[in-house]
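Trainee: Just dropping this structure here.
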Amino acid sequence: MKFTKKIAFASASLALTLATPAALLTQNVAFAKTTTVKQATKVKVTKKTTPFYHKDGSKFTKKKPYVYGGWKSTVAYKNTSYNVVKTVTIKGAKYYYIGNDAYLKASDVKVTATKTVKSSSTSSAKKASTSSSKSSSKKTSSTSSSSKSSSKKTSSTSSSTSSSSSSKKTVTQIQVTKKTTPFYHKDGSKFTKKSPYVYQGWKSTVAYKGTKYKVSKTITIKGSKYYYIGNSAYLKASAVKVIASK
């Protein structure tokens, strides 16, 4: 009788021992957390003069100055405002990209306008998983499915690559082809003599033939294509030609 009890107790202990690892097995489960952050959209120069920088952190020089619409300079002047396309880090320091391959150092300007954008981050949590004698057969089945899924992914990746290679290029630089062409606002209205387009002391309502501009983005305004050249100004696609793209 005692022997029988010992066998029963031993069996129960063995069953508990086998069940315990299954309960302790865990796997990481990722979940997304959305937060909001502020991004600079406009800055103003706070120093008497501050250099224009290239994307590698080097300064524009007198031999190769920053050129915009016929205006040339190696520096920006105090109280001049610039629209910010994006914020970047160059050699550990923060810079603001103002378009046309030029950057301003964050320590030389102050932010005068911002916008709130959503940012997603992923964290991981542990989720308990179970294991049983049937798991090996399930694994075999899932391996087979995984192989099929893999081949499908390879196929879709191949299609995606082919599709992406045939996609349209992004315009990065344009040149004015007409004698003069108006500067436009984002609503499609033209700059006026009373409120002209102003850039570093240079004022005008039009861009001149042969002048080149860096393009930040291409948009459609009232059914027509326009190129955004920075500082709240747009040029109509029909009045320019594309000279660079990526």
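Following the order of the structure tokens, first chain is A, next is B, and so on, with residues numbered from 1 inside each chain and ligands from 1 in the order they appear.
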What's around Ser245 (chain A) at 10 Å? Count only C-alpha atoms, leave out sequence neighbours fewer than 4 positions away in its own chain, and write the answer as a list in words.
Mentor: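 Selected residues are Lys168, Lys169, Thr170, Val171, Thr172, Gln173, Ile174 and Val215 of chain A.
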Trainee: Closest to Ser81 (chain A) among A:Val117, A:Val43, A:Val206, A:Val109, using only C-alpha atoms?
Mentor: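 So, comparing all the options, the nearest one is A:Val43.
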Trainee: Hey, what's within 9 Å of Asn231 (chain A) if we count only C-alpha atoms and toss same-chain stuff fewer than 6 positions away? As a list of chain:residue names, please?
Mentor: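 Everything that qualifies: A:Ser81, A:Tyr82, A:Asn83, A:Val84, A:Ile98, A:Gly99, A:Tyr197, A:Val198, A:Tyr199.
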Trainee: Could those residues be written to a file, using C-alpha atoms, as an mmCIF file, in the first residue's frame?
Mentor:
```
data_model
loop_
_atom_site.group_PDB
_atom_site.id
_atom_site.type_symbol
_atom_site.label_atom_id
_atom_site.label_comp_id
_atom_site.auth_asym_id
_atom_site.auth_seq_id
_atom_site.Cartn_x
_atom_site.Cartn_y
_atom_site.Cartn_z
ATOM 1 C CA SER A 81 14.027 84.760 -40.655
ATOM 2 C CA TYR A 82 14.216 81.419 -42.470
ATOM 3 C CA ASN A 83 11.748 78.613 -42.968
ATOM 4 C CA VAL A 84 13.097 75.292 -41.734
ATOM 5 C CA ILE A 98 16.787 76.048 -44.861
ATOM 6 C CA GLY A 99 16.804 74.727 -48.427
ATOM 7 C CA TYR A 197 9.164 87.810 -52.162
ATOM 8 C CA VAL A 198 12.008 88.826 -49.838
ATOM 9 C CA TYR A 199 15.240 86.922 -49.357
#
```
Trainee: Taking only C-alpha atoms into account, name the residue in A:Ile229, A:Thr49, A:Thr36, A:Ala207 that is nearest to Lys115 (chain A).
Mentor: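 Looking at the shortest contact to Lys115 (chain A), the residue is A:Thr36.
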